[in-house]
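Peer 1: Next comes the structure file model.tsv, holding TSV, C-alpha atoms.
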chain	number	residue	atom	x	y	z
A	60	MET	CA	0.00	0.00	0.00
A	61	VAL	CA	1.61	3.26	-1.13
A	62	PHE	CA	0.42	6.82	-0.60
A	63	SER	CA	2.03	9.75	-2.36
A	64	MET	CA	0.44	12.48	-0.26
A	65	LYS	CA	2.90	14.81	1.40
A	66	THR	CA	1.91	16.52	4.60
A	67	PRO	CA	4.05	18.48	7.05
A	68	PRO	CA	4.71	16.91	10.45
A	69	PHE	CA	2.55	18.03	13.31
A	70	PRO	CA	4.08	20.39	15.87
A	71	SER	CA	5.76	19.25	19.05
A	72	ASN	CA	4.30	19.78	22.52
A	73	PRO	CA	1.80	22.64	22.05
A	74	LEU	CA	2.64	24.08	25.48
A	75	LYS	CA	6.06	24.96	24.07
A	76	HIS	CA	4.53	27.14	21.37
A	77	PRO	CA	4.67	30.89	22.15
A	78	TYR	CA	1.13	31.68	21.07
A	79	ILE	CA	-0.26	29.14	23.55
A	80	ARG	CA	2.16	29.81	26.38
A	81	ASN	CA	1.68	33.57	26.11
A	82	SER	CA	-2.10	33.28	26.26
A	83	TYR	CA	-1.74	32.56	29.97
A	84	ASN	CA	-0.06	35.92	30.42
A	85	HIS	CA	-3.14	37.82	29.25
A	86	LEU	CA	-5.67	36.57	31.78
A	87	PRO	CA	-7.72	39.36	33.50
A	88	SER	CA	-6.21	40.60	36.77
A	89	ARG	CA	-7.67	39.43	40.08
A	90	ARG	CA	-8.80	42.98	40.85
A	91	LEU	CA	-10.67	43.24	37.54
A	92	ALA	CA	-12.29	39.87	38.11
A	93	LEU	CA	-13.47	40.92	41.57
A	94	PHE	CA	-14.78	44.21	40.17
A	95	GLN	CA	-16.78	42.36	37.53
A	96	LEU	CA	-18.21	39.97	40.10
A	97	GLY	CA	-19.28	42.87	42.32
A	98	SER	CA	-20.90	44.91	39.54
A	99	VAL	CA	-24.60	45.08	38.77
A	100	SER	CA	-24.24	42.74	35.80
A	101	ALA	CA	-22.23	40.18	37.73
A	102	ILE	CA	-22.98	36.48	37.17
A	103	PRO	CA	-25.22	34.98	39.90
A	104	GLN	CA	-23.19	32.89	42.33
A	105	SER	CA	-25.13	29.71	41.54
A	106	GLU	CA	-24.45	30.13	37.81
A	107	PHE	CA	-20.83	30.98	38.44
A	108	LEU	CA	-20.24	27.92	40.61
A	109	GLY	CA	-22.20	25.79	38.17
A	110	SER	CA	-19.95	26.83	35.31
A	111	ILE	CA	-16.89	25.83	37.34
A	112	VAL	CA	-18.39	22.43	38.12
A	113	SER	CA	-19.35	22.02	34.47
A	114	GLY	CA	-15.81	22.86	33.36
A	115	LYS	CA	-14.35	20.34	35.79
A	116	SER	CA	-16.78	17.70	34.53
A	117	GLU	CA	-15.76	18.32	30.94
A	118	ASN	CA	-12.07	18.08	31.84
A	119	THR	CA	-12.70	14.87	33.76
A	120	ALA	CA	-14.65	13.40	30.85
A	121	THR	CA	-11.81	14.26	28.46
A	122	ALA	CA	-9.25	12.69	30.78
A	123	ILE	CA	-11.33	9.51	31.06
A	124	LYS	CA	-11.74	9.38	27.29
A	125	GLU	CA	-7.99	9.71	26.77
A	126	GLN	CA	-7.24	7.05	29.38
A	127	ASP	CA	-9.77	4.68	27.81
A	128	ALA	CA	-8.14	5.21	24.42
A	129	LEU	CA	-4.65	4.57	25.80
A	130	ASN	CA	-5.83	1.42	27.57
A	131	TRP	CA	-7.44	0.21	24.34
A	132	VAL	CA	-4.20	0.80	22.43
A	133	LYS	CA	-2.26	-1.30	24.95
A	134	ASN	CA	-4.72	-4.18	24.57
A	135	ASP	CA	-5.06	-3.97	20.78
A	136	SER	CA	-3.63	-6.85	18.75
A	137	ARG	CA	-0.74	-5.14	16.97
A	138	ARG	CA	2.19	-6.34	14.91
A	139	MET	CA	4.57	-4.74	12.43
A	140	LEU	CA	3.37	-6.16	9.08
A	141	HIS	CA	5.69	-4.73	6.46
A	142	VAL	CA	7.85	-1.76	5.53
A	143	VAL	CA	7.17	0.01	2.23
A	144	TYR	CA	9.73	1.71	0.01
A	145	ARG	CA	10.23	2.55	-3.65
A	146	VAL	CA	12.73	0.96	-6.01
A	147	GLY	CA	13.84	1.69	-9.57
A	148	ASP	CA	14.02	-1.86	-10.92
A	149	LEU	CA	11.72	-4.37	-9.26
A	150	GLU	CA	13.18	-7.51	-10.83
A	151	LYS	CA	16.75	-6.49	-10.05
A	152	THR	CA	15.91	-5.82	-6.41
A	153	ILE	CA	13.99	-9.08	-6.02
A	154	LYS	CA	16.98	-10.96	-7.44
A	155	PHE	CA	19.37	-9.27	-4.97
A	156	TYR	CA	17.17	-9.95	-1.94
A	157	THR	CA	16.55	-13.59	-2.80
A	158	GLU	CA	20.09	-14.49	-3.89
A	159	CYS	CA	22.14	-12.39	-1.44
A	160	LEU	CA	19.90	-12.09	1.63
A	161	GLY	CA	17.98	-15.34	1.37
A	162	MET	CA	14.53	-13.76	1.31
A	163	LYS	CA	11.54	-15.44	-0.33
A	164	LEU	CA	9.12	-13.73	-2.71
A	165	SER	CA	5.68	-14.20	-1.15
A	166	ARG	CA	3.52	-12.29	-3.64
A	167	LYS	CA	3.70	-9.82	-6.48
A	168	ARG	CA	1.06	-7.70	-8.17
A	169	ASP	CA	0.78	-5.19	-10.98
A	170	ILE	CA	-1.70	-2.30	-10.85
A	171	PRO	CA	-1.59	-0.84	-14.38
A	172	GLU	CA	-4.50	1.53	-13.83
A	173	GLU	CA	-2.45	3.23	-11.10
A	174	GLN	CA	0.88	2.82	-12.91
A	175	TYR	CA	2.75	0.80	-10.28
A	176	SER	CA	3.77	-2.74	-9.29
A	177	ASN	CA	4.80	-4.12	-5.93
A	178	ALA	CA	6.36	-7.24	-4.46
A	179	PHE	CA	6.45	-8.64	-0.93
A	180	LEU	CA	9.50	-10.50	0.37
A	181	GLY	CA	10.59	-11.84	3.73
A	182	TYR	CA	11.61	-14.89	5.71
A	183	GLY	CA	8.25	-16.52	6.27
A	184	PRO	CA	4.48	-16.26	5.69
A	185	GLU	CA	3.18	-12.70	5.86
A	186	ASP	CA	0.50	-13.64	8.37
A	187	SER	CA	3.23	-14.20	10.96
A	188	HIS	CA	6.41	-12.51	9.67
A	189	PHE	CA	7.59	-8.99	8.93
A	190	ALA	CA	8.12	-8.28	5.22
A	191	VAL	CA	9.39	-5.67	2.79
A	192	GLU	CA	6.96	-4.24	0.27
A	193	LEU	CA	8.88	-3.02	-2.77
A	194	THR	CA	7.06	-0.54	-4.96
A	195	TYR	CA	7.96	0.24	-8.54
A	196	ASN	CA	6.28	3.28	-10.09
A	197	TYR	CA	6.16	3.07	-13.88
A	198	GLY	CA	8.99	5.02	-15.50
A	199	VAL	CA	10.76	6.05	-12.27
A	200	ASP	CA	14.17	4.43	-11.95
A	201	LYS	CA	15.78	6.46	-9.18
A	202	TYR	CA	14.84	7.94	-5.80
A	203	ASN	CA	16.40	10.23	-3.23
A	204	ILE	CA	16.78	8.23	-0.04
A	205	GLY	CA	17.72	11.29	2.03
A	206	ASN	CA	19.58	11.15	5.35
A	207	GLY	CA	16.67	10.49	7.70
A	208	PHE	CA	16.20	6.85	6.85
A	209	GLY	CA	18.94	4.76	8.43
A	210	HIS	CA	18.84	1.07	7.53
A	211	PHE	CA	17.02	-2.23	7.63
A	212	GLY	CA	18.42	-4.89	9.95
A	213	VAL	CA	18.81	-8.54	8.97
A	214	ALA	CA	19.97	-11.19	11.44
A	215	VAL	CA	22.29	-13.84	9.96
A	216	ASN	CA	24.20	-16.78	11.40
A	217	ASP	CA	27.53	-15.75	9.87
A	218	VAL	CA	28.07	-12.13	8.82
A	219	SER	CA	31.35	-12.84	7.02
A	220	LYS	CA	29.81	-15.55	4.82
A	221	THR	CA	26.90	-13.28	3.92
A	222	VAL	CA	29.27	-10.45	3.02
A	223	ASP	CA	31.33	-12.79	0.84
A	224	LEU	CA	28.14	-13.81	-0.98
A	225	VAL	CA	27.13	-10.18	-1.51
A	226	LYS	CA	30.57	-9.39	-2.93
A	227	ALA	CA	30.44	-12.44	-5.22
A	228	LYS	CA	27.09	-11.25	-6.58
A	229	GLY	CA	28.47	-7.79	-7.26
A	230	GLY	CA	26.85	-6.13	-4.27
A	231	LYS	CA	28.24	-3.13	-2.41
A	232	VAL	CA	29.73	-3.55	1.09
A	233	THR	CA	30.05	-0.26	2.97
A	234	ARG	CA	31.40	-1.70	6.24
A	235	ASP	CA	33.29	-4.96	6.45
A	236	PRO	CA	32.44	-7.47	9.21
A	237	GLY	CA	33.68	-6.54	12.66
A	238	PRO	CA	32.60	-5.68	16.22
A	239	VAL	CA	30.09	-2.88	16.67
A	240	LYS	CA	31.59	0.33	18.09
A	241	GLY	CA	31.98	-0.03	21.83
A	242	GLY	CA	30.85	-3.68	21.82
A	243	THR	CA	31.56	-7.22	20.68
A	244	ARG	CA	28.58	-8.01	18.45
A	245	ILE	CA	29.67	-8.67	14.86
A	246	ILE	CA	27.99	-6.53	12.20
A	247	ALA	CA	28.48	-5.34	8.62
A	248	PHE	CA	26.72	-2.90	6.31
A	249	ILE	CA	25.76	-3.43	2.68
A	250	GLU	CA	23.70	-1.54	0.11
A	251	ASP	CA	21.01	-2.91	-2.19
A	252	PRO	CA	20.79	-1.88	-5.89
A	253	ASP	CA	18.88	1.31	-5.01
A	254	GLY	CA	21.26	2.38	-2.24
A	255	TYR	CA	19.16	1.33	0.76
A	256	THR	CA	21.44	0.26	3.60
A	257	PHE	CA	21.13	-3.10	5.33
A	258	GLU	CA	22.83	-3.84	8.62
A	259	LEU	CA	23.81	-7.50	8.93
A	260	LEU	CA	23.73	-8.61	12.57
A	261	GLU	CA	25.34	-11.87	13.65
A	262	ARG	CA	22.82	-13.70	15.83
A	263	LYS	CA	21.69	-17.18	16.70
A	264	PRO	CA	18.80	-18.53	14.60
A	265	THR	CA	15.71	-16.34	15.06
A	266	PRO	CA	12.09	-16.67	13.92
A	267	GLU	CA	12.30	-13.12	12.53
A	268	PRO	CA	15.54	-12.42	10.59
A	269	LEU	CA	14.15	-9.17	9.13
A	270	CYS	CA	14.52	-7.57	12.51
A	271	GLN	CA	14.93	-3.78	12.34
A	272	VAL	CA	13.91	-0.55	10.65
A	273	MET	CA	16.09	2.37	11.73
A	274	LEU	CA	14.88	5.97	11.44
A	275	ARG	CA	16.55	9.14	12.69
A	276	VAL	CA	14.55	11.53	14.89
A	277	GLY	CA	15.07	15.03	16.23
A	278	ASP	CA	13.86	14.53	19.82
A	279	LEU	CA	14.20	11.00	21.16
A	280	ASP	CA	12.15	11.47	24.33
A	281	ARG	CA	9.30	12.97	22.34
A	282	SER	CA	9.38	10.08	19.86
A	283	ILE	CA	9.53	7.41	22.55
A	284	ASN	CA	6.53	8.96	24.31
A	285	PHE	CA	4.57	9.13	21.05
A	286	TYR	CA	5.23	5.54	20.01
A	287	LYS	CA	4.42	4.25	23.49
A	288	LYS	CA	1.12	6.10	23.81
A	289	ALA	CA	-0.20	6.38	20.26
A	290	PHE	CA	1.20	3.11	18.86
A	291	GLY	CA	1.22	0.99	22.01
A	292	MET	CA	4.86	0.01	21.51
A	293	GLU	CA	7.18	-0.93	24.34
A	294	LEU	CA	10.54	0.67	24.94
A	295	LEU	CA	12.64	-2.48	24.76
A	296	ARG	CA	15.96	-0.79	25.45
A	297	ALA	CA	17.79	2.49	25.02
A	298	LYS	CA	21.49	3.23	24.85
A	299	ASP	CA	23.41	6.49	24.92
A	300	ASN	CA	26.74	6.61	23.12
A	301	PRO	CA	28.33	9.92	24.19
A	302	GLU	CA	31.68	8.99	22.64
A	303	TYR	CA	30.02	8.87	19.21
A	304	LYS	CA	27.36	11.50	20.03
A	305	TYR	CA	24.20	9.53	19.42
A	306	THR	CA	21.46	7.70	21.35
A	307	THR	CA	19.27	4.83	20.21
A	308	ALA	CA	15.96	3.41	21.41
A	309	MET	CA	14.43	0.09	20.36
A	310	MET	CA	10.63	0.14	20.18
A	311	GLY	CA	8.37	-2.77	19.36
A	312	TYR	CA	5.61	-5.23	20.22
A	313	GLY	CA	7.75	-8.01	21.63
A	314	PRO	CA	11.31	-9.18	22.36
A	315	GLU	CA	13.96	-8.22	19.80
A	316	ASP	CA	15.06	-11.81	19.25
A	317	LYS	CA	11.58	-12.81	18.06
A	318	ASN	CA	10.06	-9.68	16.51
A	319	ALA	CA	10.86	-6.86	14.14
A	320	VAL	CA	11.53	-3.58	15.97
A	321	LEU	CA	11.73	0.11	15.20
A	322	GLU	CA	15.14	1.58	16.01
A	323	LEU	CA	15.00	5.32	16.67
A	324	THR	CA	18.31	7.17	16.51
A	325	TYR	CA	19.03	10.65	17.83
A	326	ASN	CA	22.28	12.32	16.75
A	327	TYR	CA	23.37	15.00	19.19
A	328	GLY	CA	22.22	18.45	18.10
A	329	VAL	CA	20.44	17.32	14.90
A	330	THR	CA	16.71	18.07	14.91
A	331	GLU	CA	15.74	17.76	11.24
A	332	TYR	CA	16.49	15.36	8.40
A	333	ASP	CA	15.90	15.07	4.68
A	334	LYS	CA	13.44	12.19	4.27
A	335	GLY	CA	13.87	11.97	0.51
A	336	ASN	CA	11.18	10.27	-1.56
A	337	GLY	CA	12.25	6.62	-1.47
A	338	TYR	CA	11.26	5.35	1.94
A	339	ALA	CA	7.47	5.36	2.43
A	340	GLN	CA	6.11	3.86	5.67
A	341	ILE	CA	5.70	1.00	8.09
A	342	ALA	CA	2.38	-0.89	8.12
A	343	ILE	CA	1.03	-2.10	11.47
A	344	GLY	CA	-1.90	-4.42	12.12
A	345	THR	CA	-4.80	-3.36	14.35
A	346	ASP	CA	-8.22	-4.69	15.33
A	347	ASP	CA	-9.91	-1.34	14.69
A	348	VAL	CA	-8.56	1.43	12.44
A	349	TYR	CA	-11.24	3.86	13.64
A	350	LYS	CA	-10.28	3.57	17.31
A	351	THR	CA	-6.62	3.66	16.31
A	352	ALA	CA	-7.08	6.97	14.52
A	353	GLU	CA	-8.95	8.43	17.49
A	354	ALA	CA	-6.18	7.40	19.90
A	355	ILE	CA	-3.52	8.92	17.64
A	356	LYS	CA	-5.43	12.21	17.55
A	357	LEU	CA	-5.78	12.20	21.35
A	358	CYS	CA	-2.02	11.75	21.62
A	359	GLY	CA	-1.42	14.80	19.44
A	360	GLY	CA	-0.79	12.91	16.23
A	361	THR	CA	-1.80	13.93	12.73
A	362	ILE	CA	-4.06	11.68	10.68
A	363	ILE	CA	-3.28	12.15	6.99
A	364	LEU	CA	-5.72	9.49	5.79
A	365	GLU	CA	-8.97	9.13	7.71
A	366	PRO	CA	-9.90	5.54	8.60
A	367	GLY	CA	-11.92	3.62	6.06
A	368	PRO	CA	-11.76	1.03	3.24
A	369	LEU	CA	-9.39	1.38	0.31
A	370	PRO	CA	-11.14	1.61	-3.06
A	371	GLY	CA	-11.00	-1.63	-4.99
A	372	ILE	CA	-9.74	-4.01	-2.29
A	373	ASN	CA	-11.86	-2.71	0.64
A	374	THR	CA	-9.05	-3.17	3.17
A	375	LYS	CA	-9.66	-0.71	6.01
A	376	ILE	CA	-6.67	1.47	6.85
A	377	THR	CA	-5.68	4.79	8.39
A	378	ALA	CA	-2.41	6.71	8.00
A	379	CYS	CA	-0.62	9.13	10.31
A	380	LEU	CA	2.60	11.07	10.86
A	381	ASP	CA	4.86	10.83	13.89
A	382	PRO	CA	6.41	13.99	15.44
A	383	ASP	CA	9.22	13.96	12.85
A	384	GLY	CA	6.93	13.44	9.89
A	385	TRP	CA	7.59	9.70	9.45
A	386	LYS	CA	4.49	8.01	8.07
A	387	SER	CA	2.84	4.85	9.36
A	388	VAL	CA	-0.23	3.00	8.11
A	389	PHE	CA	-2.51	0.91	10.32
A	390	VAL	CA	-4.26	-1.99	8.60
A	391	ASP	CA	-7.30	-3.91	9.81
A	392	ASN	CA	-6.10	-7.37	10.90
A	393	ILE	CA	-8.98	-9.32	9.40
A	394	ASP	CA	-8.86	-7.41	6.12
A	395	PHE	CA	-5.12	-7.99	5.91
A	396	LEU	CA	-5.56	-11.75	6.19
A	397	LYS	CA	-8.21	-11.61	3.48
A	398	GLU	CA	-5.69	-9.81	1.25
A	399	LEU	CA	-3.27	-12.70	1.70
A	400	GLU	CA	-5.90	-15.17	0.48
Please express the file's structure as structure tokens.
Peer 2:
Amino acid sequence: MVFSMKTPPFPSNPLKHPYIRNSYNHLPSRRLALFQLGSVSAIPQSEFLGSIVSGKSENTATAIKEQDALNWVKNDSRRMLHVVYRVGDLEKTIKFYTECLGMKLSRKRDIPEEQYSNAFLGYGPEDSHFAVELTYNYGVDKYNIGNGFGHFGVAVNDVSKTVDLVKAKGGKVTRDPGPVKGGTRIIAFIEDPDGYTFELLERKPTPEPLCQVMLRVGDLDRSINFYKKAFGMELLRAKDNPEYKYTTAMMGYGPEDKNAVLELTYNYGVTEYDKGNGYAQIAIGTDDVYKTAEAIKLCGGTIILEPGPLPGINTKITACLDPDGWKSVFVDNIDFLKELE
């Protein structure tokens, strides 16, 4: 599922915005308030007290509504389904992923009336595994990846052997196998035919080899809070690396060794990134796209596609932006399984 709409990210905490903060500085003085209450046209005490009680009731109702929404999000059945991005040569990319990374092509479709094709690849059935959704738009052979997207992570048994295979197939290796900075875990970095970076992580056999999507953000605490509340993700771990001036946070719906996770990276002092036009979004399953959209709005998020069925296939979805403008799409769980049929 690909959406070409481009919408600016929603603002950060509204209380930090001058026009809201300053509004508190223009409240009537206490003396003026007392004068108005004591004047002939003053509000009757019963009405005045009633309005206060009414205001408190409204605030309480809003708080309850928000808490109900957050509780629902935590109990919703969610899973990262696939990550969507654009490529310039679909067949070439499929060949690289299957021959060099060991992925399997699960399905492929052509939509001539909308001038695009896409293919889904991964390491297992889509109803239980994370996948990549490659999108080829007719006549477009190159995209700007930007510097906001980081990499995809793939867990392998032997990083060196995988790198040797990539080299033998003519692939590009941007970091040879070796320990991660400040640690002992063996990693390497490669690029696919379109320039998307893959981090190869040496791990024991895992049910989910396609294990990470890394995105750079401008305020890590803000992003963590958003993904926890609006998306119902858990903060699995966070690590500060002052020597290299960056901090990372792993967010997801289950343990890293069994599930795909979102890796958020904050580089000291960098608040904005070029997102390019290659990377599109992550798709996440949900039991109710309408409640999901409402919860996102309550958490300050921006809905860029109101919940409802997609024309043609009738799969219910909703789309939103995170605080940095990264897009995510929520897909109805039942409709998604019907798509796979």
Peer 1: Take the point (7.2, -4.6, -8.1) in the file's coordinates, draw a sphere of radius 6 Å around it, and report as a compact mmCIF listing (two decimals) with C-alpha atoms, in the coordinates of the input every protein, DNA or RNA residue with an atom inside or on it, counting only C-alpha atoms.
Peer 2:
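As written to disk, point21.txt reads:
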# COMPACT_ATOMS: atom_id res chain seq x y z
CA LEU A 149 11.72 -4.37 -9.26
CA SER A 176 3.77 -2.74 -9.29
CA ASN A 177 4.80 -4.12 -5.93
CA ALA A 178 6.36 -7.24 -4.46
CA LEU A 193 8.88 -3.02 -2.77
CA THR A 194 7.06 -0.54 -4.96
CA TYR A 195 7.96 0.24 -8.54
Peer 1: If you count only C-alpha atoms, which residues fall within 7 Å of stretch 158-167 of chain A, apart from same-chain ones fewer than 6 positions away, as number ranges by chain?
Peer 2: A: 177-182, 224-225
Peer 1: Would you please work out which residue, of A:Tyr303, A:Ala190, A:Arg234, A:Gly198, is nearest to A:Tyr175 when using all atoms listed in the file?
Peer 2: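 Smallest distance to A:Tyr175 is found for A:Gly198.
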Peer 1: Would you please work out which residue, of A:Gly344, A:Pro370, A:Gly311, A:Gly291, is nearest to A:Ile393 when using all atoms listed in the file?
Peer 2: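 Closest to A:Ile393 of all the choices is A:Gly344.
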Peer 1: Between A:Thr243, A:Phe290, A:Glu398, A:Leu260, which is the closest to A:Glu353 once you count all atoms listed in the file?
Peer 2: A:Phe290
Peer 1: Kindly provide, as AutoDock Vina command-line options, the centre and edge lengths (Å, one decimal) of an axis-aligned box around all atoms of stretch 182-201 of chain A given in the file, with 8 Å on each side.
Peer 2:
--center_x 8.1 --center_y -5.0 --center_z -2.3 --size_x 31.3 --size_y 39.0 --size_z 42.5
Peer 1: Any idea what's packed within 8 Å of A:Pro236, counting all atoms listed in the file, ignoring anything in its chain fewer than 6 positions away? Could you give it as number ranges by chain?
Peer 2: A: 218-219, 222, 245-248
Peer 1: Expressed in Å to a single decimal, how great is the separation between atom CA of A:Thr256 and atom CA of A:Ala339?
Peer 2: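 Atom CA of A:Ala339 lies at a distance of 14.9 Å from atom CA of A:Thr256.
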Peer 1: How many Å lie between atom CA of A:Gly367 and atom CA of A:Met139, rounded to one decimal?
Peer 2: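 If I compute the distance from atom CA of A:Gly367 to atom CA of A:Met139, I get 19.6 Å.
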Peer 1: Please compute the atom CA of A:Leu129-atom CA of A:Leu294 distance, one decimal, in Å.
Peer 2: 15.7 Å
Peer 1: Pick the closest to A:Gly242 from A:Asp127, A:Glu322, A:Asn300, A:Asp217: which is it, counting all atoms listed in the file?
Peer 2: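 Closest to A:Gly242 of all the choices is A:Asn300.
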Peer 1: Which residue is closest to A:Lys226? Choose from A:Lys304, A:Tyr202, A:Tyr197, A:Phe155 and count all atoms listed in the file.
Peer 2: A:Phe155
